[in-house]
Every structure is written in C-alpha cells, then in structure tokens.
Amino acid sequence: MNDTKNILVAPLNWGLGHATRCIPVIKELINHGFNPIIASDGGALELLKKEFPELTFEVLPAYSIEYQKNGESFKWKLIKNLPQIITAASKEHKVVQQLVEKHQLTGIISDNRFGAYSKKIPSVYITHLLNVLTGKTTTISSELHHYVIKKYTECWVPDWYNSPNLSGKLGHVKKDLFPTRYIGPLSRFTKIEAPLKYKLLVLLSGPEPQRSLLEAILVKELQDYIGEIAFVKGQIEEQQIIQKVKNITYSNFMTTPELGQAIAESSIIVCRSGYSTIMDLTVMEKKAFFIPTPGQYEQEYLAERLSKKGIVPSCSQEEFSIDRLYKSHLFEGLKKLQGKTPDWENLFGLFEGKRKF
C-alpha cells in the first residue's frame with residue numbers, strides 16, 4: 001500500500017467557482033494527514049496558489065472555454081469547440097498519468113475536469129451537474145457528461161440528496177447511473193457576525209467577455225447609488241489593487257478571509273447565480289440579487305428556481321437596472337438548511353483502502 005498519501009486536486013478553470021469550492025476539500029485533506037497537490041490552469045490555479053502557497057502545483061492543459069458577447073450563441077460555440085475540449089481532456093489525461101508516477105499519488109479529486117483520472121488509483125469526480133441543461137440538447141449533453149463521470153471511481157455531489165436542496169434537477173437524477181455520494185454543500189466560508197459596513201457587495205466572476213460586460217453595466221448603474229459599495233472584480237492578478245471612487249471601493253480580487261469578512265459586512269450581494277456562489281451565500285445566510293450569465297442554462301435555472309421560491313430575486317443582464325435591487329429586501333434570502341455535512345473521514349477512506357463504494 002502506498003503510504004505517501006499524495007492526492008491530486010484538479011479543479012476546472014471556468015470562472016473561479018470550481019477552484020473556490022475545492023478550498024474546503026484541500027483544507028480537510030491536510031487536516032486528515034494527506035498531502036494535496038494542486039493541478040489546474042489559468043485563474044483557478046493562480047487563486048489556489050494564493051490560498052495555499054506552501055503546496056505543490058502542476059499545470060494542466062487549458063480547455064480555453066470562452067463565452068460569446070451574445071449569450072444565446074454560447075451553446076453553439078461550445079458545440080463547435082467540442083473537438084478542442086476533447087483534445088485538451090485527452091492531453092490532460094496523459095499529463096495526469098505522468099503525475100501519478102511523478103508524485104506517487106494515492107488518489108485524485110477532479111472538479112469537472114474530464115481527463116483527471118487514473119485506473120490505477122481511486123479517482124473522484126465532483127459535480128453538481130448530473131443533468132446538464134442546454135435547452136433542446138439537454139439529453140445529449142447530460143449523456144455525454146455521464147460518459148465522462150463513469151470513468152471515475154465515484155461521483156461526489158456537493159448537495160443534499162433529499163428536499164429541500166440547492167441544486168434541484170441539476171444534481172438529482174431518477175436512477176443511479178454510477179456510484180454517487182451526496183456529501184452536502186461545499187463552501188470555503190464559515191458564517192461570522194459583523195456590523196454592516198456596505199449596503200452592496202458586487203461580486204464578479206466567470207469567464208470573459210461576460211465578466212467584463214457585467215462589470216461595465218454595474219459600474220454605470222451604480223454611479224448614483226446611495227450607500228457604501230464594495231466591488232470585487234474577480235480578476236486574479238499578481239498584486240491586489242484597491243481603489244476608492246466616491247462611495248465605491250474597488251478590488252481586483254480578495255483572499256478568502258477578506259471576502260468572507262466583506263460578505264458578512266454587506267447587506268446585499270450582487271453576483272452571478274453560479275452554484276458555488278449559492279453554496280457560499282447559503283453558509284453565510286445572506287440576501288442577494290442574481291444576474292445569471294447570458295446563455296448559461298444552469299445559472300438561469302438556479303436563479304429562476306430561487307426567485308420562484310421567494311428566496312433571491314434575479315433578472316437578466318440586459319434587463320438589469322439599479323431599481324431592481326430594491327426588491328432584495330422583500331425576499332427571504334439564502335439560509336442554512338438542516339442537512340448532512342461532509343463526512344470527510346469516510347469520504348477520504350476511499351484513498352486509504354478503508355472502504356469501497
């Protein structure tokens with residue numbers, strides 16, 4: 001039995017959500033005596049380098065997924081680029097096989113990276129997308145994702161199995177298609193109490209060019225907003241840059257402790273309706289306003305679902321105006337649900353031969 005206990009953690013670089021929700025996984029691996037080795041590319045890799053500078057990092061091939069300015073054309077752009085994504089995943093798989101030998105890996109945890117697995121050691125796939133919503137092509141896109149997941153030892157879904165849950169039909173299927181464990185939501189934050197400092201916290205994330213397009217809309221709309229605003233651009237760069245313009249404090253990025261403090265000190269969070277963000281704000285029990293990324297069915301579904309439940313209001317990027325924010329106080333806000341939390345000792349037992357699925 002390999003006693004090095006090296007675990008490769010490989011989040012997809014598509015926005016920052018996959019990387020941020022791997023932060024609690026990495027921390028728990030360390031707490032349980034494992035040595036995490038981080039593998040990714042781009043902003044996801046840079047974010048985790050800032051969070052865990054003491055760890056070892058490896059670069060994986062980039063999928064190079066970009067949004068179009070026209071959100072409606074994103075699905076067809078993605079289909080067109082499918083051969084490119086498959087090629088990148090194939091290259092990634094070869095690199096991962098080399099890393100298995102290089103680091104004498106005991107296991108792999110992939111967050112939505114298609115090629116980060118090995119038949120030689122237990123390999124886990126983290127996703128909340130058991131159903132991949134793409135409109136009329138949902139059945140095909142979901143089956144393609146299932147084909148990928150079946151290459152792994154087991155799938156961890158960061159949600160609760162029973163209702164109420166956070167992911168709805170995204171993370172729940174009618175029959176077991178592969179070994180699946182519902183582990184409970186993953187968040188890098190723990191709730192803290194703090195006096196309110198900001199009326200709004202703008203939290204940008206996601207791939208370009210949609211991140212920049214939303215930034216431009218919000219900067220324009222917030223010019224006459226009354227009250228203090230924290231504006232985090234979601235740009236992971238070498239140095240943190242903070243700039244105060246009138247009532248708005250701009251930051252290119254924040255570390256996890258800084259962002260947790262800012263969320264606690266803010267009355268309303270304005271952000272995308274990405275699943276990782278929803279998990280974070282649920283843990284922090286905050287009111288929010290969601291602006292889903294144009295053309296991303298997943299975010300549109302999550303925003304609509306929470307709006308219909310009276311939890312968080314939302315609108316499309318094109319329809320956003322500052323007046324819509326005043327609805328936020330009429331909604332319940334995200335709250336912690338009573339449910340299962342990750343049983344890390346049991347989950348990590350897979351890498352020590354203590355359990356099989």
# chains A, B, ... in the order shown; residues from 1 in each chain; ligands from 1
>>> residues_around(residues="segment 134-143 of chain A", least_positions_apart="3", cutoff="6 Å", atoms="only C-alpha atoms", output="PyMOL selection string")
chain A and resi 131+146+297
>>> residues_around(residues="segment 102-110 of chain A", least_positions_apart="2", cutoff="7 Å", atoms="only C-alpha atoms", output="PyMOL selection string")
chain A and resi 2+5-11+98-100+112-113+116-117+121-126+351
>>> closest_residue(among="A:Glu46, A:Glu238, A:Glu304, A:Asp159", to="Met279 of chain A", atoms="only C-alpha atoms")
A:Asp159
>>> residues_around(residues="Trp160 of chain A", least_positions_apart="5", cutoff="6 Å", atoms="only C-alpha atoms", output="list in words")
Asn165, Tyr182 and Gly184 of chain A
>>> residues_around(residues="Lys286 of chain A", least_positions_apart="6", cutoff="12 Å", atoms="only C-alpha atoms", output="count of residues only")
30
>>> residues_around(residues="Val173 of chain A", least_positions_apart="4", cutoff="9 Å", atoms="only C-alpha atoms", output="JSON, numbers by chain")
{"A": [130, 131, 169, 177]}
>>> closest_residue(among="A:Lys327, A:Lys50, A:Lys94, A:Arg181", to="Cys315 of chain A", atoms="only C-alpha atoms")
A:Lys327
>>> select_by_dssp(residues="segment 126-290 of chain A", states="alpha helix (DSSP H)", output="PyMOL selection string")
chain A and resi 138-149+210-221+256-264+275-284
>>> closest_residue(among="A:Ile217, A:Ala39, A:Ile26, A:Leu16", to="Phe52 of chain A", atoms="only C-alpha atoms")
A:Ile26
>>> select_by_dssp(residues="segment 121-305 of chain A", states="strand (DSSP E)", output="PyMOL selection string")
chain A and resi 123-126+154-157+180-182+198-203+229-232+242-245+248-251+266-271+287-290
>>> write_last_selection(atoms="N, CA and C atoms", output="CSV table (one decimal), in the first residue's frame")
chain,number,residue,atom,x,y,z
A,123,SER,N,-10.3,7.5,-8.2
A,123,SER,CA,-10.4,8.8,-8.8
A,123,SER,C,-11.9,9.3,-8.5
A,124,VAL,N,-12.0,10.5,-8.0
A,124,VAL,CA,-13.3,11.0,-7.6
A,124,VAL,C,-13.6,12.2,-8.5
A,125,TYR,N,-14.9,12.3,-8.9
A,125,TYR,CA,-15.3,13.4,-9.8
A,125,TYR,C,-16.4,14.2,-9.0
A,126,ILE,N,-16.1,15.5,-8.8
A,126,ILE,CA,-17.0,16.4,-8.1
A,126,ILE,C,-17.8,17.2,-9.1
A,154,GLU,N,-16.0,7.1,-8.3
A,154,GLU,CA,-17.2,7.6,-7.8
A,154,GLU,C,-17.4,9.1,-8.0
A,155,CYS,N,-18.7,9.5,-7.9
A,155,CYS,CA,-19.0,10.9,-8.1
A,155,CYS,C,-19.5,11.5,-6.7
A,156,TRP,N,-19.0,12.7,-6.4
A,156,TRP,CA,-19.4,13.4,-5.2
A,156,TRP,C,-20.2,14.6,-5.6
A,157,VAL,N,-21.5,14.6,-5.1
A,157,VAL,CA,-22.4,15.8,-5.5
A,157,VAL,C,-22.4,16.7,-4.2
A,180,THR,N,-22.6,7.2,-6.7
A,180,THR,CA,-22.8,8.6,-6.4
A,180,THR,C,-22.9,8.8,-4.9
A,181,ARG,N,-22.3,9.8,-4.3
A,181,ARG,CA,-22.4,10.2,-2.9
A,181,ARG,C,-22.8,11.7,-2.8
A,182,TYR,N,-23.9,11.9,-2.1
A,182,TYR,CA,-24.3,13.3,-1.8
A,182,TYR,C,-23.6,13.7,-0.5
A,198,TYR,N,-21.2,47.8,4.3
A,198,TYR,CA,-21.6,48.0,2.9
A,198,TYR,C,-23.0,47.8,2.7
A,199,LYS,N,-23.7,48.7,1.9
A,199,LYS,CA,-25.1,48.4,1.5
A,199,LYS,C,-25.1,47.3,0.4
A,200,LEU,N,-24.1,47.3,-0.4
A,200,LEU,CA,-24.0,46.4,-1.5
A,200,LEU,C,-22.6,45.8,-1.6
A,201,LEU,N,-22.5,44.5,-1.9
A,201,LEU,CA,-21.2,43.9,-2.3
A,201,LEU,C,-21.4,43.3,-3.7
A,202,VAL,N,-20.7,43.9,-4.7
A,202,VAL,CA,-20.7,43.3,-6.0
A,202,VAL,C,-19.6,42.3,-6.1
A,203,LEU,N,-20.0,41.1,-6.5
A,203,LEU,CA,-19.0,40.0,-6.6
A,203,LEU,C,-19.0,39.4,-8.0
A,229,ILE,N,-20.4,50.8,-1.2
A,229,ILE,CA,-20.4,49.6,-2.0
A,229,ILE,C,-19.0,49.1,-2.0
A,230,ALA,N,-18.9,47.7,-1.9
A,230,ALA,CA,-17.6,47.0,-2.1
A,230,ALA,C,-17.8,46.3,-3.5
A,231,PHE,N,-16.8,46.5,-4.3
A,231,PHE,CA,-16.9,46.0,-5.7
A,231,PHE,C,-15.7,45.1,-6.0
A,232,VAL,N,-15.9,43.8,-6.0
A,232,VAL,CA,-14.8,42.8,-6.3
A,232,VAL,C,-14.9,42.4,-7.7
A,242,ILE,N,-6.6,48.0,-4.7
A,242,ILE,CA,-7.8,48.6,-4.0
A,242,ILE,C,-7.8,50.1,-4.4
A,243,GLN,N,-9.0,50.5,-4.8
A,243,GLN,CA,-9.2,51.9,-5.2
A,243,GLN,C,-10.6,52.4,-4.8
A,244,LYS,N,-10.6,53.5,-4.2
A,244,LYS,CA,-11.9,54.1,-3.7
A,244,LYS,C,-12.3,55.2,-4.6
A,245,VAL,N,-13.5,55.1,-5.2
A,245,VAL,CA,-14.0,56.1,-6.1
A,245,VAL,C,-15.4,56.5,-5.6
A,248,ILE,N,-17.7,53.9,-3.8
A,248,ILE,CA,-17.4,52.5,-4.2
A,248,ILE,C,-15.9,52.2,-4.0
A,249,THR,N,-15.7,51.1,-3.2
A,249,THR,CA,-14.3,50.6,-3.0
A,249,THR,C,-14.1,49.4,-4.0
A,250,TYR,N,-13.2,49.6,-5.0
A,250,TYR,CA,-13.0,48.5,-6.0
A,250,TYR,C,-11.8,47.7,-5.5
A,251,SER,N,-11.9,46.4,-5.7
A,251,SER,CA,-10.7,45.5,-5.5
A,251,SER,C,-10.7,44.5,-6.7
A,266,SER,N,-21.8,43.1,4.5
A,266,SER,CA,-22.7,43.6,3.4
A,266,SER,C,-24.1,43.2,3.6
A,267,SER,N,-25.0,44.1,3.2
A,267,SER,CA,-26.4,43.9,3.3
A,267,SER,C,-26.9,43.0,2.2
A,268,ILE,N,-26.5,43.3,1.0
A,268,ILE,CA,-27.0,42.6,-0.2
A,268,ILE,C,-25.8,42.2,-1.1
A,269,ILE,N,-25.7,41.0,-1.6
A,269,ILE,CA,-24.7,40.6,-2.5
A,269,ILE,C,-25.2,40.6,-3.9
A,270,VAL,N,-24.6,41.3,-4.8
A,270,VAL,CA,-25.0,41.3,-6.3
A,270,VAL,C,-24.0,40.4,-7.0
A,271,CYS,N,-24.4,39.4,-7.7
A,271,CYS,CA,-23.5,38.4,-8.2
A,271,CYS,C,-24.2,37.5,-9.3
A,287,LYS,N,-28.8,37.9,2.0
A,287,LYS,CA,-29.7,38.3,1.0
A,287,LYS,C,-28.8,38.6,-0.3
A,288,ALA,N,-29.4,38.4,-1.5
A,288,ALA,CA,-28.6,38.6,-2.7
A,288,ALA,C,-29.5,39.0,-3.8
A,289,PHE,N,-28.9,39.4,-4.9
A,289,PHE,CA,-29.6,39.6,-6.2
A,289,PHE,C,-28.7,39.0,-7.3
A,290,PHE,N,-29.4,38.1,-8.0
A,290,PHE,CA,-28.6,37.3,-9.0
A,290,PHE,C,-28.8,37.8,-10.4
>>> atom_distance(atom1="atom CA of Leu325 of chain A", atom2="atom CA of Ser276 of chain A")
21.6 Å
>>> atom_distance(atom1="atom CA of Val219 of chain A", atom2="atom CA of Glu319 of chain A")
15.1 Å
>>> atom_distance(atom1="atom CA of Phe34 of chain A", atom2="atom CA of Lys91 of chain A")
26.6 Å
